[in-house]
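Chemist: Sharing run_37.txt (compact mmCIF, C-alpha atoms) below.
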```
# COMPACT_ATOMS: atom_id res chain seq x y z
CA MET E 1327 13.08 19.98 11.64
CA SER E 1328 9.82 21.67 12.44
CA GLU E 1329 9.20 23.52 15.66
CA GLY E 1330 8.33 21.12 18.41
CA SER E 1331 9.67 18.15 16.42
CA GLY E 1332 11.68 17.21 19.46
CA GLN E 1333 8.43 16.88 21.38
CA LYS E 1334 7.14 13.44 22.14
CA LEU E 1335 4.06 11.88 20.61
CA SER E 1336 2.72 11.46 24.11
CA SER E 1337 3.45 12.84 27.54
CA ASN E 1338 4.52 9.39 28.70
CA CYS E 1339 7.50 9.27 26.36
CA HIS E 1340 10.41 10.78 28.29
CA GLY E 1341 13.03 10.47 25.55
CA PHE E 1342 13.16 10.60 21.81
CA LYS E 1343 14.89 7.23 21.49
CA SER E 1344 14.00 3.85 22.84
CA GLU E 1345 16.98 2.25 24.55
CA SER E 1346 15.85 -1.28 23.66
CA VAL E 1347 15.40 -0.61 19.93
CA ASN E 1348 17.99 0.98 17.67
CA TYR E 1349 19.12 0.97 14.05
CA LEU E 1350 22.80 1.76 14.56
CA TYR E 1351 24.09 -1.21 12.55
CA GLU E 1352 21.61 -0.65 9.72
CA ILE E 1353 22.40 3.05 9.58
CA GLN E 1354 26.13 2.34 9.42
CA GLN E 1355 25.46 0.05 6.46
CA MET E 1356 23.28 2.70 4.80
CA MET E 1357 25.97 5.33 5.31
CA HIS E 1358 28.45 3.08 3.52
CA GLY E 1359 25.93 2.46 0.76
CA PHE E 1360 25.48 6.21 0.27
CA GLY E 1361 29.21 6.88 -0.06
CA ASP E 1362 30.83 6.70 3.37
CA CYS E 1363 33.80 4.42 4.04
CA SER E 1364 33.33 0.70 4.68
CA GLU E 1365 33.45 1.23 8.45
CA PRO E 1366 31.46 4.37 9.36
CA LEU E 1367 32.02 5.86 12.78
CA ILE E 1368 29.60 4.68 15.46
CA ASP E 1369 29.37 8.23 16.85
CA SER E 1370 28.31 9.51 13.43
CA ALA E 1371 25.73 6.75 13.16
CA ARG E 1372 24.30 7.72 16.55
CA ILE E 1373 23.84 11.32 15.44
CA VAL E 1374 22.20 10.20 12.21
CA GLU E 1375 19.91 7.85 14.13
CA ASP E 1376 18.85 10.64 16.49
CA ILE E 1377 18.10 12.99 13.60
CA VAL E 1378 16.16 10.34 11.68
CA LEU E 1379 14.11 9.42 14.74
CA ARG E 1380 13.21 13.03 15.48
CA GLN E 1381 12.33 13.63 11.85
CA MET E 1382 10.13 10.53 11.62
CA ARG E 1383 8.23 11.45 14.76
CA SER E 1384 7.72 14.93 13.39
CA ILE E 1385 6.43 13.49 10.10
CA VAL E 1386 4.07 11.15 11.96
CA LYS E 1387 2.78 14.09 13.96
CA ASP E 1388 2.11 16.14 10.82
CA ALA E 1389 0.51 13.17 9.03
CA PHE E 1390 -1.71 12.48 12.03
CA GLU E 1391 -2.96 16.07 11.89
CA VAL E 1392 -3.86 15.50 8.23
CA ALA E 1393 -5.67 12.27 9.13
CA LYS E 1394 -7.68 14.02 11.81
CA GLN E 1395 -8.79 16.67 9.33
CA ARG E 1396 -10.35 13.97 7.17
CA GLY E 1397 -11.98 12.40 10.25
CA SER E 1398 -9.74 9.36 10.72
CA ASN E 1399 -7.68 8.14 13.67
CA THR E 1400 -5.44 6.00 11.45
CA VAL E 1401 -2.63 7.46 9.38
CA ASN E 1402 -2.77 6.08 5.84
CA ALA E 1403 -0.44 6.32 2.87
CA GLU E 1404 -2.41 9.26 1.50
CA ASP E 1405 -1.65 11.30 4.60
CA PHE E 1406 2.10 10.90 4.08
CA ILE E 1407 1.79 11.58 0.35
CA PHE E 1408 -0.06 14.78 1.17
CA LEU E 1409 3.02 16.07 3.00
CA LEU E 1410 4.99 15.85 -0.28
CA ARG E 1411 2.48 17.79 -2.34
CA LYS E 1412 4.74 20.88 -2.52
CA ASP E 1413 7.82 19.08 -3.79
CA THR E 1414 7.00 17.33 -7.06
CA VAL E 1415 10.51 15.89 -7.48
CA LYS E 1416 10.46 14.12 -4.13
CA LEU E 1417 6.87 13.07 -4.73
CA GLN E 1418 7.72 11.48 -8.08
CA ARG E 1419 10.70 9.78 -6.44
CA LEU E 1420 8.32 8.24 -3.91
CA ILE E 1421 5.86 7.17 -6.61
CA LYS E 1422 8.64 5.46 -8.57
CA TYR E 1423 9.68 3.66 -5.41
CA LEU E 1424 6.13 2.43 -4.78
CA ASP E 1425 5.78 1.32 -8.41
CA LEU E 1426 9.05 -0.61 -8.26
CA LYS E 1427 8.13 -2.20 -4.95
CA GLU E 1428 4.76 -3.26 -6.35
CA PHE E 1429 6.41 -4.70 -9.46
CA LYS E 1430 8.96 -6.69 -7.43
CA SER E 1431 6.19 -8.01 -5.20
CA SER E 1432 4.12 -9.21 -8.17
CA ILE E 1433 7.15 -10.89 -9.79
CA TYR E 1434 8.01 -12.64 -6.53
CA LYS E 1435 4.46 -13.98 -6.18
CA VAL E 1436 4.41 -15.31 -9.73
CA THR E 1437 7.80 -17.02 -9.55
CA ASN E 1438 7.22 -18.60 -6.13
CA SER E 1439 3.57 -19.63 -6.39
CA GLU E 1440 2.42 -23.23 -6.63
CA PRO E 1441 -0.14 -24.31 -9.23
CA THR E 1442 -2.72 -24.93 -6.48
CA ASP E 1443 -2.27 -21.39 -5.18
CA LYS E 1444 -3.03 -19.63 -8.45
CA LEU E 1445 -6.51 -18.49 -7.42
CA SER E 1446 -5.33 -17.06 -4.10
CA ASP E 1447 -2.42 -15.34 -5.83
CA ILE E 1448 -4.78 -13.74 -8.34
CA LYS E 1449 -6.99 -12.46 -5.53
CA GLN E 1450 -3.99 -11.03 -3.70
CA MET E 1451 -2.76 -9.33 -6.86
CA GLU E 1452 -6.19 -7.82 -7.46
CA GLU E 1453 -6.27 -6.51 -3.89
CA SER E 1454 -2.78 -5.11 -4.35
CA LYS E 1455 -3.82 -3.37 -7.57
CA LYS E 1456 -6.87 -1.99 -5.81
CA SER E 1457 -4.79 -0.55 -2.95
CA LYS E 1458 -2.38 0.92 -5.46
CA LYS E 1459 -5.27 2.50 -7.32
CA LEU E 1460 -6.31 4.23 -4.10
CA TRP E 1461 -3.22 6.40 -3.83
CA GLU E 1462 -3.17 6.97 -7.60
CA THR E 1463 -6.73 8.27 -7.37
CA PHE E 1464 -5.71 10.40 -4.41
CA LEU E 1465 -2.93 11.99 -6.48
CA GLU E 1466 -5.41 12.79 -9.24
CA THR E 1467 -7.74 14.53 -6.79
CA LEU E 1468 -4.79 16.35 -5.21
CA ASP E 1469 -3.35 17.48 -8.54
CA THR E 1470 -5.69 20.35 -9.39
CA THR E 1471 -3.18 22.07 -11.71
CA GLY E 1472 -1.77 18.97 -13.45
CA GLU E 1473 1.73 19.74 -12.19
CA ILE E 1474 2.13 16.52 -10.19
CA CYS E 1475 0.89 13.86 -12.60
CA ASN E 1476 2.36 15.54 -15.69
CA ASN E 1477 5.79 16.11 -14.16
CA LYS E 1478 7.10 12.54 -14.50
CA THR E 1479 9.76 13.54 -17.02
CA SER E 1480 11.44 16.04 -14.69
CA VAL E 1481 15.08 15.34 -13.89
CA ASP E 1482 15.84 14.25 -10.34
CA ASP E 1483 19.33 15.70 -9.93
CA VAL E 1484 19.72 14.40 -6.36
CA LYS E 1485 18.91 10.82 -7.34
CA TYR E 1486 21.13 11.08 -10.42
CA ASN E 1487 24.09 12.31 -8.37
CA ARG E 1488 23.66 9.42 -5.93
CA CYS E 1489 23.71 6.93 -8.79
CA VAL E 1490 26.84 8.50 -10.27
CA ARG E 1491 28.48 8.48 -6.85
CA ALA E 1492 27.73 4.77 -6.45
CA GLU E 1493 29.09 4.07 -9.93
CA ILE E 1494 32.35 5.90 -9.22
CA MET E 1495 32.78 4.15 -5.88
CA SER E 1496 32.14 0.68 -7.30
CA LYS E 1497 34.90 1.11 -9.91
CA ASN E 1498 37.54 1.33 -7.17
CA LEU E 1499 36.46 -1.83 -5.31
CA ASP E 1500 37.73 -5.36 -5.60
CA GLU E 1501 35.33 -8.31 -5.70
CA ALA E 1502 35.07 -8.84 -1.93
CA ARG E 1503 34.58 -5.16 -1.12
CA TYR E 1504 32.09 -4.80 -3.97
CA ILE E 1505 29.96 -7.60 -2.49
CA ASP E 1506 29.99 -5.87 0.88
CA TYR E 1507 29.13 -2.58 -0.78
CA SER E 1508 26.23 -4.17 -2.66
CA LYS E 1509 24.87 -5.64 0.57
CA ALA E 1510 25.15 -2.24 2.26
CA ARG E 1511 23.16 -0.63 -0.55
CA ASN E 1512 20.35 -3.15 0.02
CA VAL E 1513 20.00 -2.37 3.72
CA SER E 1514 16.98 -0.26 4.65
CA PHE E 1515 14.34 0.19 7.33
CA VAL E 1516 11.99 -2.12 5.39
CA ASN E 1517 12.22 -5.69 6.59
CA ARG E 1518 10.12 -8.50 7.94
CA HIS E 1519 10.38 -7.12 11.46
CA ARG E 1520 7.93 -4.25 10.97
CA HIS E 1521 7.21 -4.21 14.71
CA LYS E 1522 10.80 -3.15 15.37
CA PHE E 1523 10.34 -0.07 13.20
CA SER E 1524 6.98 0.78 14.77
CA ASP E 1525 8.37 0.30 18.29
CA TRP E 1526 11.28 2.56 17.37
CA ILE E 1527 9.12 5.36 16.00
CA ILE E 1528 6.07 5.01 18.27
CA PRO E 1529 7.16 3.12 21.42
CA ASN E 1530 3.85 3.72 23.21
CA GLY E 1531 1.57 2.97 20.28
CA ASP E 1532 -0.04 6.42 20.47
CA VAL E 1533 -0.72 6.63 16.74
CA SER E 1534 -2.22 3.96 14.49
CA ILE E 1535 -0.52 3.68 11.08
CA SER E 1536 -1.63 1.44 8.22
CA LYS E 1537 0.66 -1.15 6.65
CA GLN E 1538 1.14 0.92 3.49
CA GLY E 1539 1.73 3.95 5.69
CA TYR E 1540 4.64 2.17 7.37
CA VAL E 1541 6.09 1.39 3.95
CA ILE E 1542 6.15 5.08 3.07
CA LEU E 1543 7.39 6.08 6.53
CA SER E 1544 10.31 3.66 6.28
CA TYR E 1545 11.08 5.13 2.87
CA PHE E 1546 11.14 8.60 4.44
CA ALA E 1547 13.59 7.34 7.07
CA TYR E 1548 15.83 5.90 4.35
CA GLU E 1549 15.70 9.15 2.36
CA THR E 1550 16.56 11.14 5.48
CA VAL E 1551 19.77 9.14 5.94
CA ALA E 1552 20.63 9.71 2.28
CA GLN E 1553 19.97 13.44 2.56
CA ILE E 1554 22.18 13.77 5.64
CA ILE E 1555 25.05 12.01 3.86
CA ASP E 1556 24.61 14.23 0.80
CA LEU E 1557 24.83 17.36 2.93
CA ALA E 1558 27.80 16.03 4.90
CA PHE E 1559 29.72 15.57 1.66
CA LEU E 1560 28.94 19.15 0.70
CA VAL E 1561 30.45 20.25 4.01
CA ARG E 1562 33.56 18.18 3.31
CA GLN E 1563 33.81 19.68 -0.14
CA ASP E 1564 33.82 23.18 1.36
CA GLN E 1565 36.42 22.16 3.94
CA ASN E 1566 38.71 20.75 1.25
CA LYS E 1567 38.31 23.86 -0.91
CA ILE E 1568 37.25 21.72 -3.84
CA TYR E 1569 35.02 23.61 -6.21
CA GLY E 1570 32.54 21.86 -8.44
CA ASP E 1571 29.74 19.39 -7.81
CA ALA E 1572 29.49 17.06 -4.83
CA LEU E 1573 30.82 14.11 -6.84
CA ASP E 1574 34.26 15.65 -7.32
CA ARG E 1575 35.47 14.24 -4.02
CA LEU E 1576 35.42 10.72 -5.53
CA LYS E 1577 37.63 11.55 -8.48
CA ILE E 1578 41.25 10.50 -8.47
CA SER E 1579 42.93 13.85 -7.85
CA TYR E 1580 43.06 17.53 -8.68
CA CYS E 1581 46.72 17.57 -9.66
CA ASN E 1582 48.15 19.72 -12.41
CA PRO E 1583 47.91 17.92 -15.78
CA GLN E 1584 51.51 18.90 -16.49
CA THR E 1585 52.76 17.03 -13.43
CA PHE E 1586 50.33 14.12 -13.58
CA LYS E 1587 51.94 10.68 -13.39
CA THR E 1588 50.13 7.72 -14.90
CA HIS E 1589 51.12 5.28 -12.14
CA GLN E 1590 49.17 7.40 -9.66
CA GLN E 1591 45.94 6.58 -11.45
CA SER E 1592 45.95 2.98 -10.19
CA LYS E 1593 46.18 4.09 -6.58
CA SER E 1594 42.83 4.28 -4.86
CA SER E 1595 42.36 7.25 -2.56
CA ILE E 1596 41.75 6.52 1.10
CA MET E 1597 38.24 7.45 2.12
CA LYS E 1598 37.95 9.14 5.49
CA PRO E 1599 34.81 8.27 7.45
CA ILE E 1600 32.22 10.98 7.84
CA SER E 1601 32.82 12.65 11.19
CA PRO E 1602 30.20 13.79 13.72
CA SER E 1603 31.34 17.39 13.23
CA GLU E 1604 30.61 17.17 9.50
CA ILE E 1605 27.11 15.86 10.16
CA ASN E 1606 26.43 18.50 12.81
CA GLU E 1607 27.62 21.25 10.49
CA ALA E 1608 25.51 19.86 7.63
CA VAL E 1609 22.26 19.88 9.58
CA ARG E 1610 23.13 23.25 11.15
CA ARG E 1611 23.39 24.77 7.70
CA TYR E 1612 20.26 23.04 6.49
CA TRP E 1613 18.21 24.36 9.39
CA SER E 1614 19.80 27.81 9.26
CA ALA E 1615 17.31 30.50 8.32
CA GLN E 1616 20.06 32.52 6.60
CA LEU E 1617 20.60 29.80 3.95
CA ASP E 1618 17.04 29.42 2.73
CA VAL E 1619 17.71 31.19 -0.57
CA THR E 1620 21.48 31.33 -0.99
CA GLY E 1621 24.46 29.05 -0.53
CA PRO E 1622 25.12 25.41 -1.44
CA PHE E 1623 22.33 24.24 0.85
CA HIS E 1624 19.63 26.16 -1.01
CA ARG E 1625 16.13 24.68 -0.78
CA TRP E 1626 12.68 25.86 -1.79
CA CYS E 1627 10.63 26.71 1.27
CA PHE E 1628 6.89 26.28 1.55
CA GLY E 1629 6.44 27.20 5.19
CA LYS E 1630 8.30 26.60 8.40
CA ARG E 1631 7.08 23.13 9.23
CA HIS E 1632 7.51 21.78 5.70
CA SER E 1633 10.96 23.18 4.99
CA LYS E 1634 12.56 21.68 8.09
CA LEU E 1635 11.84 18.06 7.12
CA LEU E 1636 14.68 16.41 5.23
CA ALA E 1637 12.58 13.73 3.49
CA CYS E 1638 9.48 15.86 2.78
```
Any chance you could put this one into structure tokens?
Modeler:
Amino acid sequence: MSEGSGQKLSSNCHGFKSESVNYLYEIQQMMHGFGDCSEPLIDSARIVEDIVLRQMRSIVKDAFEVAKQRGSNTVNAEDFIFLLRKDTVKLQRLIKYLDLKEFKSSIYKVTNSEPTDKLSDIKQMEESKKSKKLWETFLETLDTTGEICNNKTSVDDVKYNRCVRAEIMSKNLDEARYIDYSKARNVSFVNRHRHKFSDWIIPNGDVSISKQGYVILSYFAYETVAQIIDLAFLVRQDQNKIYGDALDRLKISYCNPQTFKTHQQSKSSIMKPISPSEINEAVRRYWSAQLDVTGPFHRWCFGKRHSKLLAC
């Protein structure tokens, strides 16, 4: 988290969380979808919610500074994309998300449109393509070295590990629990109630954000939850003295092959919920200046403000 990220967007905001708006239930579902047990601890969800809220307000503050530099009082999608310019992997992850969202939206319009609404649907699709072309053009102007646009084939190890983790978890679930797990994986900050998200992030309406900007901001919030869970599992791995990658915790056991009993393979291990102490230790390590270059929480740093944001 960047310096001053705990500061409010205005002097009238006396706390970093609105008491009337919260995402505790949604965050609990997201935590389960990212690998936590089926009933995550409410105390852990509160900590995650506080971190996400502080991070989102810090991102909005940075994006607003970018918007002001180009002479605008409204934060657009390009301003949020600009914050990812130094991390091509996360930037490509965002672009893939926007492409998929655009594709799903176009499919939904085609399958649910009436014959009389064809002309209006075509106009809406053209406008959608035009808005999409705007941020694509922005990337081309931003990519002076060709590293961003030509780096689409790079491997996203973080995303890959999350997919493997979900695959391993789903194999140990019965039908009812798998349905619940699938629903949890579909929960996000993006929903029809966009005003809830805006009231949560900017309760006083100090900053104006475009519709596409809110889409990217909600994606950042979702990615922040995922990153916190990833780091919490690394902490648990260290506590359990299990060496290897972060997915090893989901495997059946680490017993000696000579003493392995086949009937133990059918027994599913009990998943302990992620504790508040694990989350606190995870973010402490991530924000520790001593672990910028070494340790399991290594990250590339491009300046103080940038390196402290989990999603950017």
Chemist: So, with only C-alpha atoms as the atoms that count, which of E:Leu1636, E:Val1392, E:Val1481, E:Leu1424 lies closest to Leu1409 in chain E?
Modeler: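 Closest to Leu1409 in chain E, using only C-alpha atoms: E:Val1392.
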Chemist: If I take CA of Asp1362 in chain E and CA of Leu1543 in chain E, how far is one from the other in Å, to one decimal?
Modeler: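 Between CA of Asp1362 in chain E and CA of Leu1543 in chain E the gap is 23.7 Å.
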Chemist: So how far away is CA of Tyr1507 in chain E from CA of Tyr1545 in chain E, in Å?
Modeler: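 It comes out at 20.0 Å.
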Chemist: One decimal, Å: what's the distance from CA of Ser1384 in chain E over to CA of Phe1406 in chain E, could you say?
Modeler: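 Separation between CA of Ser1384 in chain E and CA of Phe1406 in chain E: 11.6 Å.
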Chemist: Using all atoms listed in the file, give me every residue within 7 Å of (33.9, 8.9, 6.5) in file coordinates, as a list in words.
Modeler: Asp1362, Cys1363, Pro1366, Met1597, Lys1598, Pro1599, Ile1600 and Ser1601 of chain E
Chemist: Write out as a PyMOL selection string each polymer residue whose atoms come within 9 Å of Val1386 in chain E, counting only C-alpha atoms; drop sequence neighbours fewer than 5 positions from it.
Modeler: chain E and resi 1335+1381+1391+1401+1406+1527+1533+1535+1543
Chemist: Find, counting only C-alpha atoms, the residue in E:Asp1369, E:Glu1466, E:Glu1428, E:Asp1506 that gets nearest to Phe1408 in chain E.
Modeler: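 Of E:Asp1369, E:Glu1466, E:Glu1428, E:Asp1506, the one nearest Phe1408 in chain E, counting only C-alpha atoms, is E:Glu1466.
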Chemist: Between E:Leu1468, E:Val1415, E:Val1516, E:Leu1420, which is the closest to Val1484 in chain E once you count all atoms listed in the file?
Modeler: E:Val1415
Chemist: Quick one: of E:Ala1403, E:Ala1608, E:Cys1638, E:Ala1510, who's nearest to Asp1556 in chain E, counting only C-alpha atoms?
Modeler: E:Ala1608
Chemist: Need the shell around range 1487-1489 of chain E: protein/DNA/RNA residues with any atom at most 9 Å away, counting only C-alpha atoms. Skip same-chain ones fewer than 4 positions apart. Format as a list in words?
Modeler: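 Returned residues: Phe1360, Gly1361, Asp1482, Asp1483, Glu1493, Ile1494, Ala1552, Asp1556, Ala1572 and Leu1573 of chain E.
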Chemist: Which neighbours of Ala1637 in chain E fall inside 7 Å, counting all atoms listed in the file, when residues of the same chain fewer than 4 positions from it are skipped, and could you give them as a PyMOL selection string?
Modeler: chain E and resi 1546+1549-1550
